[in-house]
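Chemist: File follows, run_29.cif with mmCIF, C-alpha atoms and all ligand atoms:
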data_my_file
loop_
_atom_site.label_atom_id
_atom_site.label_comp_id
_atom_site.auth_asym_id
_atom_site.auth_seq_id
_atom_site.Cartn_x
_atom_site.Cartn_y
_atom_site.Cartn_z
CA MET A 18 -35.72 0.61 169.67
CA THR A 19 -33.85 3.85 170.27
CA ALA A 20 -33.02 5.47 173.59
CA SER A 21 -35.67 8.08 172.77
CA SER A 22 -38.61 5.74 172.59
CA ALA A 23 -41.03 6.31 175.42
CA ARG A 24 -41.09 2.62 176.26
CA GLN A 25 -37.32 2.39 176.43
CA ARG A 26 -37.19 5.44 178.70
CA ARG A 27 -39.77 3.93 181.02
CA LEU A 28 -37.88 0.64 181.17
CA MET A 29 -34.64 2.45 181.87
CA ALA A 30 -36.18 4.65 184.57
CA ARG A 31 -37.51 1.51 186.24
CA ALA A 32 -34.14 -0.25 185.98
CA LEU A 33 -32.39 2.82 187.44
CA SER A 34 -34.81 2.95 190.37
CA ARG A 35 -34.25 -0.75 191.02
CA ALA A 36 -30.49 -0.23 190.84
CA ALA A 37 -30.74 2.51 193.47
CA ASP A 38 -31.15 -0.03 196.24
CA ALA A 39 -30.19 -3.30 194.62
CA SER A 40 -28.15 -5.79 196.58
CA VAL A 41 -24.94 -7.16 195.07
CA ALA A 42 -26.74 -10.46 194.34
CA GLU A 43 -29.45 -8.57 192.47
CA VAL A 44 -26.87 -6.66 190.46
CA LEU A 45 -25.10 -9.87 189.49
CA ALA A 46 -28.37 -11.45 188.42
CA SER A 47 -29.29 -8.61 186.11
CA THR A 48 -26.04 -7.17 184.76
CA ARG A 49 -25.36 -7.29 181.06
CA GLY A 50 -21.87 -5.82 181.19
CA SER A 51 -20.53 -2.92 179.19
CA ALA A 52 -19.75 -3.12 175.50
CA GLY A 53 -18.02 0.26 175.59
CA VAL A 54 -20.32 1.69 172.91
CA CYS A 55 -21.43 4.74 174.87
CA ARG A 56 -19.18 7.80 175.05
CA ARG A 57 -18.73 8.52 178.74
CA ILE A 58 -17.83 12.03 179.86
CA GLY A 59 -17.26 12.89 183.51
CA VAL A 60 -17.54 16.48 184.72
CA THR A 61 -16.19 17.09 188.16
CA GLY A 62 -14.99 19.99 190.28
CA PRO A 63 -15.75 22.04 193.38
CA PRO A 64 -19.30 23.10 194.28
CA GLY A 65 -20.61 26.02 192.28
CA ALA A 66 -17.87 25.95 189.65
CA GLY A 67 -20.52 25.87 186.94
CA LYS A 68 -20.56 22.16 186.11
CA SER A 69 -24.33 21.96 185.56
CA SER A 70 -24.38 25.17 183.52
CA LEU A 71 -21.56 23.93 181.34
CA ILE A 72 -23.11 20.50 180.93
CA THR A 73 -26.33 22.15 179.80
CA ALA A 74 -24.52 24.24 177.21
CA LEU A 75 -22.27 21.36 176.22
CA ALA A 76 -25.14 18.89 175.80
CA ARG A 77 -26.97 21.26 173.50
CA ARG A 78 -23.88 21.48 171.33
CA ARG A 79 -23.17 17.79 171.45
CA LEU A 80 -26.64 16.96 170.10
CA ALA A 81 -25.15 17.70 166.71
CA ARG A 82 -23.40 14.35 167.06
CA ASP A 83 -25.36 11.18 166.49
CA GLY A 84 -27.44 9.55 169.18
CA ASP A 85 -29.14 10.54 172.39
CA ILE A 86 -27.53 11.99 175.51
CA ALA A 87 -28.09 11.06 179.14
CA ILE A 88 -27.08 13.54 181.85
CA LEU A 89 -26.59 12.07 185.31
CA ALA A 90 -25.75 14.11 188.38
CA VAL A 91 -24.50 12.43 191.52
CA ASP A 92 -25.66 14.78 194.21
CA PRO A 93 -29.18 15.26 195.41
CA THR A 94 -28.60 18.98 195.82
CA SER A 95 -27.34 19.44 192.29
CA PRO A 96 -29.21 21.89 190.08
CA VAL A 97 -29.77 19.03 187.68
CA SER A 98 -32.20 17.54 190.18
CA GLY A 99 -35.58 18.61 188.88
CA GLY A 100 -36.93 21.22 191.25
CA ALA A 101 -33.80 23.11 192.20
CA ILE A 102 -32.61 24.28 188.87
CA LEU A 103 -31.60 27.69 190.23
CA GLY A 104 -30.02 30.09 187.78
CA ASP A 105 -30.24 27.55 185.01
CA ARG A 106 -33.93 26.93 185.34
CA ILE A 107 -34.91 28.04 181.87
CA ARG A 108 -31.99 26.56 179.99
CA MET A 109 -32.17 23.25 181.81
CA GLU A 110 -35.93 22.91 181.41
CA ASP A 111 -35.44 23.65 177.80
CA LEU A 112 -33.05 20.72 177.61
CA ALA A 113 -35.27 18.50 179.74
CA HIS A 114 -38.00 18.77 177.11
CA ASN A 115 -35.70 17.70 174.34
CA PRO A 116 -36.65 14.13 173.43
CA ARG A 117 -33.02 13.28 172.76
CA ILE A 118 -31.89 14.24 176.26
CA TYR A 119 -32.49 12.33 179.48
CA ILE A 120 -31.68 14.01 182.80
CA ARG A 121 -31.57 12.29 186.14
CA SER A 122 -29.99 12.95 189.50
CA LEU A 123 -28.64 10.11 191.61
CA ALA A 124 -28.41 9.88 195.36
CA SER A 125 -24.84 9.31 196.44
CA ARG A 126 -25.78 6.34 198.68
CA SER A 127 -23.18 5.19 201.11
CA SER A 128 -20.14 6.04 199.08
CA HIS A 129 -17.63 8.26 200.86
CA ASP A 130 -15.90 9.43 197.73
CA GLY A 131 -18.83 11.58 196.62
CA LEU A 132 -19.84 9.08 193.97
CA ALA A 133 -22.75 6.73 194.01
CA ASP A 134 -21.22 3.37 194.85
CA ASN A 135 -23.42 1.77 192.19
CA LEU A 136 -22.33 4.13 189.44
CA ALA A 137 -20.85 1.38 187.30
CA ASP A 138 -24.21 -0.46 187.35
CA ILE A 139 -26.06 2.73 186.53
CA LEU A 140 -23.84 3.54 183.57
CA GLU A 141 -24.32 0.04 182.21
CA ILE A 142 -28.08 0.46 182.37
CA VAL A 143 -27.85 3.76 180.50
CA GLU A 144 -25.53 2.25 177.96
CA SER A 145 -27.75 -0.74 177.29
CA ALA A 146 -30.73 1.60 176.86
CA GLY A 147 -29.01 2.81 173.70
CA PHE A 148 -27.62 6.23 174.64
CA ALA A 149 -24.71 7.32 172.51
CA GLU A 150 -23.29 9.58 175.19
CA VAL A 151 -23.56 10.01 178.92
CA ILE A 152 -22.41 13.09 180.79
CA LEU A 153 -21.87 12.51 184.48
CA GLU A 154 -21.67 15.36 186.99
CA THR A 155 -19.98 14.77 190.33
CA VAL A 156 -19.10 17.30 192.98
CA GLY A 157 -15.72 16.98 194.46
CA VAL A 158 -12.09 17.68 194.74
CA GLY A 159 -9.49 15.07 195.47
CA GLN A 160 -10.56 11.47 195.77
CA VAL A 161 -13.63 11.86 193.62
CA GLU A 162 -11.56 12.59 190.55
CA TYR A 163 -9.82 9.27 190.94
CA ALA A 164 -13.11 7.46 191.32
CA VAL A 165 -14.72 9.15 188.31
CA ARG A 166 -11.75 8.30 186.17
CA HIS A 167 -12.56 4.60 186.25
CA VAL A 168 -16.11 4.84 185.01
CA VAL A 169 -15.74 7.41 182.23
CA ASP A 170 -13.57 7.84 179.13
CA THR A 171 -13.00 11.57 179.33
CA THR A 172 -12.77 13.53 182.58
CA LEU A 173 -13.29 17.29 182.68
CA LEU A 174 -12.19 19.14 185.79
CA VAL A 175 -14.07 22.41 186.13
CA LEU A 176 -12.57 25.14 188.31
CA MET A 177 -13.55 28.75 188.82
CA PRO A 178 -11.69 31.90 189.83
CA GLY A 179 -11.10 31.91 193.54
CA ALA A 180 -10.40 28.19 193.51
CA GLY A 181 -6.65 28.72 193.68
CA ASP A 182 -6.37 27.25 197.12
CA GLN A 183 -8.24 24.23 195.85
CA ILE A 184 -5.54 23.70 193.26
CA GLN A 185 -3.02 23.68 196.06
CA ALA A 186 -5.04 21.05 197.87
CA MET A 187 -5.46 18.96 194.72
CA LYS A 188 -1.99 19.35 193.32
CA SER A 189 -0.83 15.86 194.01
CA GLY A 190 -3.81 14.17 192.45
CA ILE A 191 -5.40 16.10 189.65
CA LEU A 192 -2.65 15.72 187.12
CA GLU A 193 -3.20 12.04 186.66
CA THR A 194 -6.94 12.35 186.53
CA ALA A 195 -8.24 15.13 184.31
CA ASP A 196 -8.13 14.95 180.53
CA VAL A 197 -9.38 18.48 180.06
CA PHE A 198 -8.98 21.33 182.57
CA VAL A 199 -11.68 23.96 182.45
CA VAL A 200 -11.37 27.40 184.00
CA ASN A 201 -15.02 28.40 184.01
CA LYS A 202 -16.47 31.85 184.75
CA ALA A 203 -13.79 33.34 182.54
CA ASP A 204 -15.93 36.48 182.56
CA GLN A 205 -15.00 37.00 186.21
CA PRO A 206 -11.79 38.51 187.60
CA GLY A 207 -9.05 36.05 188.46
CA ALA A 208 -9.78 33.57 185.66
CA ARG A 209 -6.62 34.34 183.75
CA GLN A 210 -4.51 34.04 186.88
CA LEU A 211 -6.11 30.70 187.70
CA ALA A 212 -5.37 29.39 184.20
CA ALA A 213 -1.75 30.52 184.51
CA GLU A 214 -1.43 28.93 187.95
CA LEU A 215 -2.86 25.70 186.65
CA ALA A 216 -0.51 25.74 183.67
CA SER A 217 2.51 26.16 185.90
CA VAL A 218 1.41 23.40 188.27
CA LEU A 219 0.80 21.04 185.35
CA LYS A 220 4.19 21.80 183.84
CA LEU A 221 5.89 21.37 187.15
CA LYS A 222 4.22 18.10 187.96
CA ALA A 223 3.99 16.30 184.66
CA PRO A 224 7.27 16.31 182.81
CA ASP A 225 6.45 12.92 181.29
CA ARG A 226 3.33 14.36 179.76
CA ARG A 227 5.48 16.62 177.60
CA GLY A 228 7.56 13.71 176.35
CA SER A 229 6.09 11.74 173.50
CA SER A 230 3.93 13.40 170.89
CA ASP A 231 1.57 10.42 171.16
CA ASP A 232 0.72 11.33 174.74
CA TRP A 233 -2.48 13.20 175.43
CA GLN A 234 -1.69 16.75 176.46
CA PRO A 235 -4.51 17.86 178.76
CA PRO A 236 -5.55 21.30 177.54
CA ILE A 237 -6.54 24.15 179.84
CA LEU A 238 -9.61 25.85 178.45
CA SER A 239 -11.23 29.04 179.66
CA THR A 240 -15.00 29.03 179.39
CA SER A 241 -17.95 31.20 180.18
CA ILE A 242 -21.54 30.12 179.70
CA GLN A 243 -22.18 33.51 178.11
CA ASP A 244 -19.52 32.82 175.49
CA GLN A 245 -20.77 30.25 173.00
CA ALA A 246 -17.40 30.00 171.25
CA SER A 247 -15.77 28.85 174.50
CA VAL A 248 -18.39 26.12 174.92
CA ALA A 249 -17.83 25.06 171.29
CA ALA A 250 -14.09 24.83 172.00
CA LEU A 251 -14.84 22.65 175.03
CA ALA A 252 -17.08 20.33 172.98
CA GLU A 253 -14.27 20.03 170.44
CA ALA A 254 -11.70 19.25 173.14
CA VAL A 255 -13.93 16.39 174.31
CA ASP A 256 -14.09 15.08 170.73
CA ARG A 257 -10.34 15.38 170.36
CA HIS A 258 -9.79 13.36 173.50
CA GLN A 259 -12.30 10.70 172.44
CA ALA A 260 -10.59 10.46 169.04
CA TRP A 261 -7.20 10.21 170.76
CA LEU A 262 -8.50 7.33 172.89
CA VAL A 263 -9.67 5.48 169.78
CA ARG A 264 -6.27 5.91 168.15
CA HIS A 265 -4.03 5.28 171.15
CA ARG A 266 -5.86 3.16 173.66
CA ASP A 267 -7.05 -0.38 173.21
CA VAL A 268 -10.77 -0.50 173.87
CA ASP A 269 -10.69 -4.08 175.20
CA GLU A 270 -7.99 -3.17 177.65
CA ARG A 271 -10.02 -0.19 178.86
CA LEU A 272 -13.08 -2.38 179.29
CA GLU A 273 -11.05 -4.96 181.17
CA ARG A 274 -9.75 -2.31 183.54
CA ARG A 275 -13.26 -0.98 183.97
CA ARG A 276 -14.53 -4.47 184.74
CA ALA A 277 -11.81 -4.95 187.34
CA GLN A 278 -12.86 -1.71 189.04
CA HIS A 279 -16.48 -2.73 188.85
CA VAL A 280 -15.91 -6.09 190.46
CA GLY A 281 -13.83 -4.36 193.13
CA SER A 282 -16.69 -2.03 193.95
CA LEU A 283 -19.12 -4.97 194.10
CA VAL A 284 -16.86 -6.83 196.51
CA ALA A 285 -16.60 -3.72 198.70
CA ARG A 286 -20.38 -3.44 198.69
CA ARG A 287 -20.74 -7.12 199.52
CA VAL A 288 -18.39 -6.69 202.48
CA ALA A 289 -20.54 -3.79 203.68
CA GLU A 290 -23.69 -5.93 203.30
CA VAL A 291 -22.16 -8.77 205.29
CA LEU A 292 -20.92 -6.50 208.07
CA LYS A 293 -24.32 -4.88 208.34
CA GLU A 294 -26.06 -8.25 208.73
CA LEU A 295 -23.46 -9.73 211.03
CA PRO A 296 -25.01 -11.01 214.28
CA ALA A 297 -23.75 -8.93 217.17
CA GLU A 298 -22.54 -11.95 219.14
CA LEU A 299 -19.97 -12.78 216.44
CA LEU A 300 -18.20 -9.54 217.26
CA HIS A 301 -17.01 -11.18 220.47
CA LEU A 302 -15.00 -13.68 218.44
CA PRO A 303 -11.22 -13.39 218.17
CA LEU A 304 -10.21 -11.49 215.04
CA THR A 305 -9.19 -14.56 213.05
CA SER A 306 -12.49 -16.33 213.63
CA LEU A 307 -14.43 -13.18 212.91
CA TYR A 308 -12.50 -12.76 209.68
CA GLU A 309 -13.31 -16.33 208.66
CA ALA A 310 -16.98 -15.80 209.47
CA VAL A 311 -17.11 -12.70 207.29
CA VAL A 312 -15.24 -14.32 204.39
CA GLU A 313 -17.54 -17.33 204.50
CA ARG A 314 -20.58 -15.11 204.27
CA LEU A 315 -19.21 -13.13 201.33
CA THR A 316 -19.90 -15.87 198.83
CA GLU A 317 -23.52 -16.30 199.76
CA THR A 318 -25.49 -15.05 196.80
CA ARG A 319 -28.83 -14.98 198.51
CA PRO A 320 -29.65 -13.38 201.83
CA SER A 321 -29.45 -16.12 204.43
CA SER A 322 -32.35 -16.68 206.74
CA GLY A 323 -32.19 -15.65 210.34
CA VAL A 324 -32.38 -19.35 211.34
CA GLU A 325 -29.28 -20.24 209.30
CA ASN A 326 -27.49 -17.25 210.72
CA ASP A 327 -28.33 -18.33 214.22
CA HIS A 328 -27.09 -21.86 213.60
CA ARG A 329 -23.89 -20.63 212.08
CA SER A 330 -23.26 -18.08 214.80
CA ARG A 331 -23.70 -20.74 217.44
CA GLY A 332 -21.38 -23.11 215.53
CA LEU A 333 -18.68 -20.51 215.19
CA LEU A 334 -19.00 -19.41 218.75
CA SER A 335 -18.65 -22.96 220.04
CA LYS A 336 -15.69 -23.54 217.68
CA ALA A 337 -13.99 -20.47 219.03
CA ARG A 338 -14.44 -21.51 222.63
N1 LIG B 401 -20.49 34.60 185.76
C1 LIG B 401 -20.65 33.32 185.46
N2 LIG B 401 -21.45 32.58 186.23
C2 LIG B 401 -21.59 31.28 185.93
C3 LIG B 401 -20.89 30.68 184.85
N3 LIG B 401 -21.21 29.36 184.82
C4 LIG B 401 -22.07 29.16 185.85
N4 LIG B 401 -22.31 30.30 186.51
C5 LIG B 401 -23.18 30.49 187.68
O1 LIG B 401 -22.59 29.86 188.80
C6 LIG B 401 -23.59 29.30 189.65
C7 LIG B 401 -23.30 27.84 189.89
O2 LIG B 401 -23.43 27.17 188.66
P1 LIG B 401 -23.79 25.64 188.56
O3 LIG B 401 -23.84 25.31 187.13
O4 LIG B 401 -24.98 25.35 189.37
O5 LIG B 401 -22.49 25.04 189.26
P2 LIG B 401 -22.21 23.54 189.72
O6 LIG B 401 -20.76 23.36 189.65
O7 LIG B 401 -23.06 22.61 188.95
O8 LIG B 401 -22.69 23.57 191.22
P3 LIG B 401 -22.99 22.32 192.20
O9 LIG B 401 -23.71 21.28 191.42
O10 LIG B 401 -23.81 22.91 193.28
O11 LIG B 401 -21.65 21.86 192.68
C8 LIG B 401 -24.93 29.57 188.96
O12 LIG B 401 -25.50 30.71 189.52
C9 LIG B 401 -24.54 29.82 187.52
O13 LIG B 401 -25.45 30.64 186.83
C10 LIG B 401 -20.05 31.51 184.03
O14 LIG B 401 -19.42 31.08 183.06
N5 LIG B 401 -19.96 32.80 184.41
MG MG B 402 -24.36 21.12 189.57
#
Could you write out this structure as structure tokens?

Modeler:
Amino acid sequence: MTASSARQRRLMARALSRAADASVAEVLASTRGSAGVCRRIGVTGPPGAGKSSLITALARRRLARDGDIAILAVDPTSPVSGGAILGDRIRMEDLAHNPRIYIRSLASRSSHDGLADNLADILEIVESAGFAEVILETVGVGQVEYAVRHVVDTTLLVLMPGAGDQIQAMKSGILETADVFVVNKADQPGARQLAAELASVLKLKAPDRRGSSDDWQPPILSTSIQDQASVAALAEAVDRHQAWLVRHRDVDERLERRRAQHVGSLVARRVAEVLKELPAELLHLPLTSLYEAVVERLTETRPSSGVENDHRSRGLLSKAR
């Protein structure tokens, strides 16, 4: 069954909806893990930089490669989300009707880094549905780039003229995160200056990146959605980076690191679940006892009944007295 089959799409849509509010226990019961067979591309950058427009143009180009493409946008207000397609209405609808493309927007849930905190689960579902490639759009500058990095293979950072101050704000972080820098809206004034600024910041901050010829040198590409050649160059840069990964990075090691991140995010979610369900009276406990109570609850794989909770709360409270 391919990712395009109607049945497979329905199953995946259902699995994605379930994942939207799954508990950690539910995730653990249903996960199949990642085999690393799906090319994962992350597109991030400040609001309005043109991420959705570029993804639309990029996806159309990348259909020339084998397999189906899933486009996921983490932001309910993103133009990828059905109704609000804005300036890209026609192009995006065009794509949405392509049987080899699947488009879905994801609510960002409780995550503070601008990513859905269940992104790793979601990407696994998409991967096991047989997609060859997933393009993930996230809005953000700063922390988000770090977070995206762990769930994708290739990270594109999209900037636009007038985002110079954003570079200043991001300086310390972006160099380690993006594999391809994109100065979009190259048809607008200031694009060349932004590219130059970016180049000088990168040079200044990443001397090690100029060292070995085996290292990936993140390119700075100027794009405009009106300029097809620039989109083609971007699609090629993504391919170059993916090919570089195959040659220079061990896939098992990447999957191991990804799994470590995934389990970390599940533990963080489990902590949040436990804290949310914690009986108010336990908060009166001294810190050490409270800590023990929380840790004990972490390993419960099924939601405990109110009765059990009551018993345990009373036990702990009497122990603490
Ligand atoms: N002039 C010009 N406008 C562009 C270009 N790319 C995108 N735009 C326009 O910029 C606006 C924002 O584009 P989007 O693709 O929605 O940007 P985004 O980064 O996805 O925005 P958010 O998801 O809201 O963060 C739209 O009106 C696009 O038509 C470009 O290359 N040149
Ligand atoms: Mg968008």

Chemist: Taking (-10.8, 25.2, 180.2) as a centre in this file's frame and 7 Å as the limit, can you find every polymer residue with an atom that close, using only C-alpha atoms, and give them as a list in words?

Modeler: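 Residues with an atom at most 7 Å from (-10.8, 25.2, 180.2): Val197, Phe198, Val199, Val200, Asn201, Ile237, Leu238, Ser239 and Thr240 of chain A.
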
Chemist: Rank nothing, just name the residue among A:Ala254, A:Asn135, A:Ser306, A:Arg27 nearest to Glu43 in chain A, using all atoms listed in the file.

Modeler: A:Asn135

Chemist: Taking all atoms of ligand LIG 401 (chain B) that appear in the file, build a box with edges along x, y and z, extend it by 4 Å on every side, and state its centre and edge lengths in Å to one decimal, as AutoDock Vina command-line options.

Modeler:
--center_x -22.5 --center_y 27.9 --center_z 188.2 --size_x 14.1 --size_y 21.3 --size_z 18.2

Chemist: Using all atoms listed in the file, find the one residue out of A:Leu174, A:Val91, A:Val280, A:Leu80 that sits nearest to ligand MG 402 (chain B).

Modeler: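 Between A:Leu174, A:Val91, A:Val280, A:Leu80, the residue approaching ligand MG 402 (chain B) most closely is A:Val91.
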
Chemist: Work out how far CA of Ala39 in chain A is from CA of Ala297 in chain A, in Å to one decimal.

Modeler: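 CA of Ala297 in chain A sits 24.1 Å away from CA of Ala39 in chain A.
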
Chemist: What separation in Å, quoted to one decimal, exists between atom P2 of ligand LIG 401 (chain B) and CA of Val156 in chain A?

Modeler: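 According to the coordinates, atom P2 of ligand LIG 401 (chain B) and CA of Val156 in chain A are separated by 7.7 Å.
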
Chemist: Which distance in Å separates CA of Val143 in chain A and atom MG of ligand MG 402 (chain B), to one decimal?

Modeler: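 About the pair CA of Val143 in chain A and atom MG of ligand MG 402 (chain B): they are 19.9 Å apart.
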
Chemist: Return the single residue from A:Ala164, A:Ala113, A:Cys55, A:Leu176 that is closest to ligand LIG 401 (chain B), with distances computed using all atoms listed in the file.

Modeler: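 Comparing A:Ala164, A:Ala113, A:Cys55, A:Leu176 against ligand LIG 401 (chain B), the winner is A:Leu176.
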
Chemist: Residues within 6 Å of (-9.0, 11.4, 184.2), file coordinates, counting all atoms listed in the file: what are they? Give the list as a compact mmCIF listing (two decimals) with C-alpha atoms, in the coordinates of the input.

Modeler:
# COMPACT_ATOMS: atom_id res chain seq x y z
CA ARG A 166 -11.75 8.30 186.17
CA THR A 172 -12.77 13.53 182.58
CA THR A 194 -6.94 12.35 186.53
CA ALA A 195 -8.24 15.13 184.31
CA ASP A 196 -8.13 14.95 180.53

Chemist: Under the rule that all atoms listed in the file are counted, which of A:Val60, A:Leu300, A:Leu315, A:Val218 is the nearest residue to ligand MG 402 (chain B)?

Modeler: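 Smallest distance to ligand MG 402 (chain B) is found for A:Val60.
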
Chemist: May I have the residues within 12 Å of range 264-274 of chain A as a PyMOL selection string, using all atoms listed in the file and disregarding those fewer than 2 positions away in the same chain?

Modeler: chain A and resi 50-56+137+141+166-170+230-233+257-262+276-281

Chemist: From the set A:Arg82, A:Arg121, A:Lys68, A:His114, which residue has the shortest atom-to-atom contact distance to ligand MG 402 (chain B), counting all atoms listed in the file?

Modeler: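 Selected residue with least distance to ligand MG 402 (chain B): A:Lys68.
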
Chemist: Looking at all atoms listed in the file, which of A:Ile142, A:Met29, A:Ala23, A:Leu153 is the one that sits closest to Gly59 in chain A?

Modeler: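 Ranking A:Ile142, A:Met29, A:Ala23, A:Leu153 by distance to Gly59 in chain A, first place goes to A:Leu153.
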